[in-house]
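*Asks:* I am sharing final23.txt, which consists of compact mmCIF, C-alpha atoms and all ligand atoms:
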```txt
# COMPACT_ATOMS: atom_id res chain seq x y z
CA MET H 1200 -11.18 7.02 -5.54
CA ILE H 1201 -9.39 8.45 -2.54
CA GLU H 1202 -8.77 12.15 -2.24
CA ALA H 1203 -6.45 13.80 0.29
CA ARG H 1204 -6.87 17.56 0.59
CA ASN H 1205 -4.33 19.78 2.31
CA ILE H 1206 -3.25 17.23 4.91
CA ILE H 1207 -1.22 18.57 7.80
CA LYS H 1208 0.04 16.24 10.49
CA SER H 1209 2.46 17.00 13.33
CA PHE H 1210 3.92 15.09 16.23
CA ASP H 1211 5.04 16.97 19.35
CA GLY H 1212 5.03 20.30 17.54
CA LYS H 1213 7.04 18.99 14.58
CA THR H 1214 5.16 19.15 11.31
CA ILE H 1215 5.62 15.92 9.37
CA LEU H 1216 3.06 16.34 6.56
CA LYS H 1217 2.95 19.84 5.15
CA ASP H 1218 -0.21 20.47 3.18
CA VAL H 1219 -0.22 17.28 1.12
CA SER H 1220 -2.97 16.89 -1.47
CA ALA H 1221 -3.41 14.00 -3.88
CA VAL H 1222 -6.04 12.09 -5.81
CA PHE H 1223 -5.74 8.33 -6.11
CA LYS H 1224 -7.88 6.79 -8.82
CA PRO H 1225 -9.22 3.22 -8.96
CA GLY H 1226 -7.90 0.58 -11.35
CA GLN H 1227 -4.33 1.82 -11.32
CA THR H 1228 -1.33 1.36 -9.04
CA ASN H 1229 -0.73 4.59 -7.12
CA LEU H 1230 2.72 4.76 -5.57
CA ILE H 1231 4.02 6.96 -2.77
CA ILE H 1232 7.78 7.32 -2.93
CA GLY H 1233 10.37 9.31 -1.05
CA GLN H 1234 13.44 8.84 1.03
CA SER H 1235 13.46 7.35 4.48
CA GLY H 1236 11.81 9.65 7.01
CA SER H 1237 10.07 11.81 4.38
CA GLY H 1238 6.61 11.01 5.76
CA LYS H 1239 5.30 8.22 3.51
CA THR H 1240 4.15 5.95 6.33
CA VAL H 1241 2.63 8.84 8.28
CA PHE H 1242 0.71 9.77 5.11
CA LEU H 1243 -0.50 6.20 4.54
CA LYS H 1244 -1.50 5.83 8.20
CA SER H 1245 -3.32 9.17 8.05
CA LEU H 1246 -5.25 8.01 4.99
CA VAL H 1247 -6.49 4.86 6.73
CA GLY H 1248 -7.27 6.70 9.97
CA LEU H 1249 -4.50 5.23 12.12
CA HIS H 1250 -3.33 8.81 12.64
CA GLU H 1251 -5.76 11.69 13.20
CA VAL H 1252 -4.70 14.58 10.97
CA ASP H 1253 -4.34 18.12 12.35
CA SER H 1254 -6.21 19.55 9.38
CA GLY H 1255 -7.28 18.65 5.87
CA ASP H 1256 -9.83 16.25 4.42
CA ILE H 1257 -9.70 12.64 3.33
CA LEU H 1258 -12.48 11.51 1.04
CA TYR H 1259 -13.31 7.94 0.13
CA ASP H 1260 -15.45 8.14 -2.98
CA ASP H 1261 -16.70 11.54 -1.84
CA ARG H 1262 -17.37 10.35 1.72
CA ASP H 1263 -15.60 12.63 4.19
CA PHE H 1264 -13.62 10.12 6.27
CA THR H 1265 -12.07 12.81 8.48
CA ARG H 1266 -15.35 14.06 9.80
CA MET H 1267 -17.69 11.05 9.75
CA PRO H 1268 -18.97 9.42 12.96
CA ASP H 1269 -17.08 6.35 14.21
CA LYS H 1270 -19.82 3.93 13.13
CA ASP H 1271 -19.49 5.12 9.51
CA ARG H 1272 -15.69 5.06 9.72
CA ILE H 1273 -15.87 1.40 10.74
CA LYS H 1274 -17.88 0.70 7.58
CA VAL H 1275 -15.30 2.43 5.39
CA ARG H 1276 -12.50 0.57 7.20
CA GLN H 1277 -14.18 -2.70 6.26
CA GLU H 1278 -13.80 -1.69 2.63
CA MET H 1279 -10.02 -1.46 3.06
CA GLY H 1280 -7.52 -4.26 2.53
CA MET H 1281 -4.08 -3.85 4.02
CA LEU H 1282 -0.78 -5.42 3.25
CA PHE H 1283 1.74 -4.58 5.92
CA GLN H 1284 5.51 -4.69 5.85
CA GLY H 1285 6.78 -8.20 6.55
CA SER H 1286 3.37 -9.78 5.76
CA ALA H 1287 2.17 -9.71 9.41
CA LEU H 1288 0.67 -13.19 9.24
CA PHE H 1289 -0.39 -14.94 12.42
CA ASP H 1290 2.27 -17.57 13.08
CA SER H 1291 -0.06 -19.82 15.05
CA LEU H 1292 -2.68 -19.95 12.30
CA THR H 1293 -2.47 -22.00 9.13
CA VAL H 1294 -2.39 -20.37 5.69
CA GLU H 1295 -6.12 -20.93 5.24
CA GLU H 1296 -6.95 -19.66 8.73
CA ASN H 1297 -4.91 -16.53 8.08
CA VAL H 1298 -6.87 -15.78 4.91
CA ARG H 1299 -10.15 -16.65 6.62
CA PHE H 1300 -9.38 -14.39 9.58
CA PRO H 1301 -11.09 -11.19 8.28
CA LEU H 1302 -14.06 -13.27 7.14
CA ASP H 1303 -14.31 -14.89 10.59
CA MET H 1304 -14.06 -11.47 12.22
CA PHE H 1305 -16.31 -9.36 10.05
CA THR H 1306 -18.86 -11.62 8.34
CA LYS H 1307 -21.64 -13.87 9.45
CA GLN H 1308 -21.01 -16.31 6.63
CA LYS H 1309 -21.15 -20.04 7.32
CA LEU H 1310 -17.82 -21.83 7.73
CA ASP H 1311 -18.19 -23.53 4.32
CA GLU H 1312 -18.67 -20.17 2.62
CA ARG H 1313 -15.72 -18.62 4.44
CA ARG H 1314 -13.52 -21.55 3.49
CA GLU H 1315 -14.67 -21.32 -0.11
CA ARG H 1316 -13.84 -17.61 -0.23
CA ALA H 1317 -10.43 -18.21 1.39
CA ASN H 1318 -9.69 -20.89 -1.19
CA PHE H 1319 -10.80 -18.65 -4.02
CA CYS H 1320 -8.44 -15.90 -2.81
CA LEU H 1321 -5.57 -18.34 -2.36
CA LYS H 1322 -6.14 -19.65 -5.87
CA ARG H 1323 -6.18 -16.07 -7.17
CA VAL H 1324 -2.67 -15.51 -5.84
CA ASN H 1325 -1.58 -18.84 -7.33
CA LEU H 1326 -1.31 -20.70 -4.04
CA GLU H 1327 -2.78 -24.18 -3.92
CA ASN H 1328 -2.26 -27.15 -1.63
CA VAL H 1329 -0.66 -25.07 1.11
CA ASN H 1330 -3.80 -24.46 3.19
CA HIS H 1331 -2.66 -26.52 6.12
CA LEU H 1332 0.88 -25.21 6.32
CA TYR H 1333 1.97 -22.57 8.83
CA PRO H 1334 3.66 -19.31 7.74
CA SER H 1335 7.03 -20.58 8.99
CA GLU H 1336 6.75 -23.53 6.58
CA ILE H 1337 6.49 -21.43 3.40
CA SER H 1338 8.86 -19.00 1.65
CA GLY H 1339 8.82 -15.21 2.06
CA GLY H 1340 7.28 -14.76 -1.40
CA MET H 1341 4.53 -17.25 -0.56
CA GLN H 1342 3.90 -15.48 2.75
CA LYS H 1343 3.43 -12.25 0.83
CA ARG H 1344 0.89 -13.96 -1.43
CA VAL H 1345 -0.98 -15.25 1.60
CA ALA H 1346 -1.01 -11.69 2.94
CA ILE H 1347 -2.41 -10.46 -0.40
CA ALA H 1348 -5.06 -13.22 -0.36
CA ARG H 1349 -6.02 -12.12 3.16
CA ALA H 1350 -6.09 -8.46 2.12
CA ILE H 1351 -8.58 -9.18 -0.69
CA ALA H 1352 -10.71 -11.67 1.29
CA LEU H 1353 -13.39 -9.08 2.07
CA ASN H 1354 -13.40 -7.85 -1.52
CA PRO H 1355 -12.03 -4.39 -0.64
CA ARG H 1356 -12.57 -1.22 -2.65
CA TYR H 1357 -9.28 0.17 -1.35
CA LEU H 1358 -5.96 -1.61 -0.98
CA PHE H 1359 -3.01 -0.24 0.99
CA CYS H 1360 0.42 -1.81 0.71
CA ASP H 1361 3.29 -0.66 2.90
CA GLU H 1362 6.64 -1.69 1.40
CA PRO H 1363 5.19 -4.90 -0.10
CA ASN H 1364 8.60 -5.98 -1.40
CA SER H 1365 10.65 -5.61 1.73
CA GLY H 1366 12.77 -8.69 2.30
CA LEU H 1367 12.08 -10.26 -1.10
CA ASP H 1368 14.61 -11.08 -3.82
CA PRO H 1369 14.22 -8.92 -6.98
CA LYS H 1370 12.54 -11.64 -9.04
CA THR H 1371 9.95 -12.49 -6.38
CA ALA H 1372 9.45 -8.75 -5.78
CA ILE H 1373 8.44 -8.30 -9.42
CA VAL H 1374 5.97 -11.19 -9.20
CA ILE H 1375 4.37 -9.59 -6.12
CA ASP H 1376 4.25 -6.15 -7.78
CA GLU H 1377 2.61 -7.59 -10.86
CA LEU H 1378 0.10 -9.47 -8.75
CA ILE H 1379 -0.84 -6.27 -6.92
CA GLN H 1380 -1.25 -4.49 -10.25
CA GLU H 1381 -3.31 -7.33 -11.76
CA ILE H 1382 -5.77 -7.55 -8.87
CA THR H 1383 -6.05 -3.77 -8.77
CA LYS H 1384 -7.27 -3.78 -12.36
CA GLU H 1385 -9.34 -6.94 -12.04
CA TYR H 1386 -11.34 -5.62 -9.06
CA ASN H 1387 -11.04 -1.93 -9.97
CA MET H 1388 -9.61 -1.19 -6.53
CA THR H 1389 -8.00 2.06 -5.47
CA THR H 1390 -4.56 0.81 -4.57
CA ILE H 1391 -1.85 2.82 -2.82
CA VAL H 1392 1.63 1.37 -2.46
CA ASN H 1393 4.33 2.85 -0.24
CA THR H 1394 7.71 1.98 -1.66
CA HIS H 1395 11.30 2.96 -2.16
CA ASP H 1396 11.94 0.07 -4.50
CA MET H 1397 13.00 1.58 -7.85
CA ASN H 1398 12.03 -1.58 -9.71
CA SER H 1399 8.47 -1.09 -8.47
CA VAL H 1400 8.56 2.57 -9.46
CA LEU H 1401 9.53 1.71 -13.02
CA GLY H 1402 7.52 -1.52 -13.20
CA ILE H 1403 4.11 -0.57 -11.80
CA GLY H 1404 4.33 3.21 -11.27
CA GLU H 1405 1.21 4.26 -13.14
CA HIS H 1406 0.69 7.22 -10.82
CA ILE H 1407 3.45 8.32 -8.47
CA ILE H 1408 3.50 10.86 -5.66
CA PHE H 1409 6.99 11.91 -4.55
CA ILE H 1410 7.14 13.17 -0.97
CA PHE H 1411 10.16 15.20 0.11
CA ASN H 1412 10.50 16.36 3.68
CA GLY H 1413 6.75 16.08 4.24
CA GLU H 1414 5.74 17.93 1.09
CA LYS H 1415 4.46 16.65 -2.23
CA TYR H 1416 7.27 17.66 -4.55
CA TRP H 1417 6.31 15.85 -7.72
CA GLU H 1418 3.58 13.77 -9.28
CA GLY H 1419 3.53 11.77 -12.51
CA SER H 1420 3.98 8.34 -14.05
CA SER H 1421 7.06 6.13 -14.37
CA GLN H 1422 7.55 7.42 -17.93
CA ASP H 1423 7.45 11.04 -16.74
CA ILE H 1424 10.27 10.40 -14.25
CA PHE H 1425 12.89 10.30 -16.97
CA GLN H 1426 11.83 13.68 -18.33
CA SER H 1427 11.51 15.45 -15.00
CA ASP H 1428 13.89 18.26 -14.09
CA ASN H 1429 12.79 18.23 -10.43
CA LYS H 1430 16.14 18.21 -8.63
CA GLU H 1431 15.00 16.44 -5.46
CA LEU H 1432 13.23 13.75 -7.48
CA ASN H 1433 16.26 13.22 -9.68
CA ASP H 1434 18.57 13.03 -6.66
CA PHE H 1435 16.28 10.39 -5.18
CA ILE H 1436 15.62 8.29 -8.29
CA PHE H 1437 19.05 8.48 -9.82
CA ALA H 1438 20.99 7.99 -6.62
CA SER H 1439 22.06 4.59 -7.95
CA LYS H 1440 24.59 4.35 -10.78
CA PHE H 1441 22.40 1.77 -12.48
CA PHE H 1442 19.45 4.14 -12.88
CA ARG H 1443 21.74 7.03 -13.89
CA LYS H 1444 23.05 4.85 -16.70
CA ILE H 1445 19.52 4.03 -17.87
CA LYS H 1446 18.69 7.75 -17.92
CA ASP H 1447 21.89 8.62 -19.82
CA LYS H 1448 21.04 6.07 -22.51
CA LEU H 1449 17.60 7.56 -23.15
N1 LIG W 1 4.08 8.15 16.02
C1 LIG W 1 5.05 9.06 15.80
N2 LIG W 1 5.41 9.96 16.73
C2 LIG W 1 6.36 10.89 16.50
N3 LIG W 1 7.03 11.01 15.33
C3 LIG W 1 6.73 10.14 14.35
C4 LIG W 1 5.72 9.12 14.52
N4 LIG W 1 5.63 8.41 13.37
C5 LIG W 1 6.53 8.95 12.52
N5 LIG W 1 7.19 9.98 13.10
C6 LIG W 1 8.22 10.81 12.47
O1 LIG W 1 7.71 11.25 11.22
C7 LIG W 1 8.77 11.30 10.25
C8 LIG W 1 8.36 10.57 9.01
O2 LIG W 1 8.27 9.17 9.31
P1 LIG W 1 7.71 8.09 8.30
O3 LIG W 1 7.70 6.79 9.04
O4 LIG W 1 6.45 8.54 7.71
O5 LIG W 1 8.85 8.07 7.19
P2 LIG W 1 8.91 7.16 5.88
O6 LIG W 1 9.01 8.09 4.72
O7 LIG W 1 7.80 6.19 5.87
O8 LIG W 1 10.30 6.43 6.10
P3 LIG W 1 10.73 4.90 5.76
O9 LIG W 1 10.86 4.84 4.28
O10 LIG W 1 12.04 4.78 6.45
O11 LIG W 1 9.68 3.99 6.33
C9 LIG W 1 10.03 10.74 10.92
O12 LIG W 1 10.81 11.83 11.35
C10 LIG W 1 9.46 9.99 12.12
O13 LIG W 1 10.37 10.00 13.19
```
Once more with this new file: its structure as structure tokens, please.
Ligand SMILES: Nc1ncnc2c1ncn2[C@@H]1O[C@H](COP(=O)(O)OP(=O)(O)OP(=O)(O)O)[C@@H](O)[C@H]1O

*Replies:*
Amino acid sequence: MIEARNIIKSFDGKTILKDVSAVFKPGQTNLIIGQSGSGKTVFLKSLVGLHEVDSGDILYDDRDFTRMPDKDRIKVRQEMGMLFQGSALFDSLTVEENVRFPLDMFTKQKLDERRERANFCLKRVNLENVNHLYPSEISGGMQKRVAIARAIALNPRYLFCDEPNSGLDPKTAIVIDELIQEITKEYNMTTIVNTHDMNSVLGIGEHIIFIFNGEKYWEGSSQDIFQSDNKELNDFIFASKFFRKIKDKL
């Protein structure tokens, strides 16, 4: 479980996150949604410690991440898997080497063991017989799967995904969303996904935080969205005619 309490974060005197609190439970897909510039990425980066917050607490299973010494923070960081926008694979490494990378960096396992783990993770994301290919030789959807395999290589307790569907066609995007949801449940991870993809919101939005202008404006599940009378949320979700039509039919 990850708990954010009263997070405030500013840059150059401008407050970006205004007293944001949220609890993210394990075994479910937690989504952060909001329009461009609302503060989603700043929030995600604050949670993982890439930004120091001005005030507030971030707890990883009751461990106070904001105040712990660096050596303890490093340990918590090693329990995090991250899936960045655009996959962020190393172009000069093969698929297998990409997945092995965190194992090479952070474990003392023998090469055979690391290879076995990499292969297990690749198999888990339904990728086989592509170990020796380079990222440029596989499709965008396959690259995303490699990135997921790499993110779970160290068996993380926490998984962070920043816009995991960016650049993917809608069908592939659904496959990736479902994969993220499946592994979240399978490994009981606390997963947080930053997205403005409405298909993801409706498809895997078990717990959703809506951020508007740096504040948490709404919280609920994908089912709750259709019943909400929160104006800002409705303006955001039903900006497209397609989703307005769905709502009108309910
Ligand atoms: N390192 C930084 N220094 C100064 N301002 C920043 C920094 N990072 C983000 N901001 C500002 O914080 C605000 C929120 O940005 P953020 O990237 O969190 O938005 P977002 O909701 O993730 O948007 P998008 O969906 O477009 O990625 C923006 O006004 C941005 O310019």

*Asks:* Using all atoms listed in the file, which residues of the polymer chains come no farther than 10 Å from ligand LIG 1 (chain W)? I'd like the answer as a PDB file with C-alpha atoms, in the frame of the given file.

*Replies:*
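Okay, this is what ended up in selection-v2.pdb:
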```pdb
ATOM      1  CA  LYS H1208       0.040  16.240  10.490  1.00  0.00           C
ATOM      2  CA  SER H1209       2.460  17.000  13.330  1.00  0.00           C
ATOM      3  CA  PHE H1210       3.920  15.090  16.230  1.00  0.00           C
ATOM      4  CA  ASP H1211       5.040  16.970  19.350  1.00  0.00           C
ATOM      5  CA  GLY H1212       5.030  20.300  17.540  1.00  0.00           C
ATOM      6  CA  LYS H1213       7.040  18.990  14.580  1.00  0.00           C
ATOM      7  CA  THR H1214       5.160  19.150  11.310  1.00  0.00           C
ATOM      8  CA  ILE H1215       5.620  15.920   9.370  1.00  0.00           C
ATOM      9  CA  LEU H1216       3.060  16.340   6.560  1.00  0.00           C
ATOM     10  CA  ILE H1231       4.020   6.960  -2.770  1.00  0.00           C
ATOM     11  CA  ILE H1232       7.780   7.320  -2.930  1.00  0.00           C
ATOM     12  CA  GLY H1233      10.370   9.310  -1.050  1.00  0.00           C
ATOM     13  CA  GLN H1234      13.440   8.840   1.030  1.00  0.00           C
ATOM     14  CA  SER H1235      13.460   7.350   4.480  1.00  0.00           C
ATOM     15  CA  GLY H1236      11.810   9.650   7.010  1.00  0.00           C
ATOM     16  CA  SER H1237      10.070  11.810   4.380  1.00  0.00           C
ATOM     17  CA  GLY H1238       6.610  11.010   5.760  1.00  0.00           C
ATOM     18  CA  LYS H1239       5.300   8.220   3.510  1.00  0.00           C
ATOM     19  CA  THR H1240       4.150   5.950   6.330  1.00  0.00           C
ATOM     20  CA  VAL H1241       2.630   8.840   8.280  1.00  0.00           C
ATOM     21  CA  PHE H1242       0.710   9.770   5.110  1.00  0.00           C
ATOM     22  CA  LEU H1243      -0.500   6.200   4.540  1.00  0.00           C
ATOM     23  CA  LYS H1244      -1.500   5.830   8.200  1.00  0.00           C
ATOM     24  CA  SER H1245      -3.320   9.170   8.050  1.00  0.00           C
ATOM     25  CA  LEU H1249      -4.500   5.230  12.120  1.00  0.00           C
ATOM     26  CA  HIS H1250      -3.330   8.810  12.640  1.00  0.00           C
ATOM     27  CA  GLN H1284       5.510  -4.690   5.850  1.00  0.00           C
ATOM     28  CA  ASP H1361       3.290  -0.660   2.900  1.00  0.00           C
ATOM     29  CA  GLU H1362       6.640  -1.690   1.400  1.00  0.00           C
ATOM     30  CA  ASN H1393       4.330   2.850  -0.240  1.00  0.00           C
ATOM     31  CA  THR H1394       7.710   1.980  -1.660  1.00  0.00           C
ATOM     32  CA  HIS H1395      11.300   2.960  -2.160  1.00  0.00           C
ATOM     33  CA  ILE H1410       7.140  13.170  -0.970  1.00  0.00           C
ATOM     34  CA  PHE H1411      10.160  15.200   0.110  1.00  0.00           C
ATOM     35  CA  ASN H1412      10.500  16.360   3.680  1.00  0.00           C
ATOM     36  CA  GLY H1413       6.750  16.080   4.240  1.00  0.00           C
TER      37      GLY H1413
END
```

*Asks:* Need to verify the contact set: segment 1373-1382 of chain H, 7 Å, all atoms listed in the file, exclusion of same-chain residues closer than 5 positions in sequence. Can you return it as a list of chain:residue names?

*Replies:* H:Thr1228, H:Ser1399, H:Ile1403

*Asks:* Limited to C-alpha atoms, could you put the picked residues into a file as a compact mmCIF listing (two decimals), keeping the file's coordinate frame?

*Replies:*
```txt
# COMPACT_ATOMS: atom_id res chain seq x y z
CA THR H 1228 -1.33 1.36 -9.04
CA SER H 1399 8.47 -1.09 -8.47
CA ILE H 1403 4.11 -0.57 -11.80
```

*Asks:* Using all atoms listed in the file, determine which residues lie at most 6 Å from segment 1341-1353 of chain H, disregarding the query and same-chain residues fewer than 2 positions distant; provide the list as a ChimeraX atom specification.

*Replies:* /H:1280-1281,1286,1298,1320-1321,1324,1338-1339,1355

*Asks:* Quick one, how far is atom CA of Phe1264 of chain H from atom CA of Lys1217 of chain H?

*Replies:*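 According to the coordinates, atom CA of Phe1264 of chain H and atom CA of Lys1217 of chain H are separated by 19.2 Å.
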
*Asks:* Neighbours of Phe1289 of chain H within 9 Å (only C-alpha atoms; same-chain residues fewer than 4 positions away dropped), as an MDAnalysis selection string?

*Replies:* chainID H and resid 1293:1294 1296:1297 1333:1334

*Asks:* Skip Arg1314 of chain H itself and residues of its chain fewer than 3 positions away, then list as JSON, numbers by chain all residues within 9 Å of it, counting only C-alpha atoms.

*Replies:* {"H": [1295, 1296, 1298, 1299, 1309, 1310, 1311, 1317, 1318, 1319]}

*Asks:* Taking into account only C-alpha atoms, which residue in the set H:Arg1266, H:Lys1384, H:Arg1272, H:Lys1415 is nearest to Asn1429 of chain H?

*Replies:*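 With only C-alpha atoms as the atom set, the closest residue is H:Lys1415.
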
*Asks:* For Ser1220 of chain H, which residue out of H:Ile1408, H:Asp1428, H:Arg1276, H:Gln1422 is the nearest one, using all atoms listed in the file?

*Replies:*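 Using all atoms listed in the file, the shortest distance to Ser1220 of chain H belongs to H:Ile1408.
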
*Asks:* So what do you get for atom CA of Leu1432 of chain H versus atom CA of Tyr1259 of chain H, distance-wise?

*Replies:*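 Interatomic distance here is 28.2 Å.
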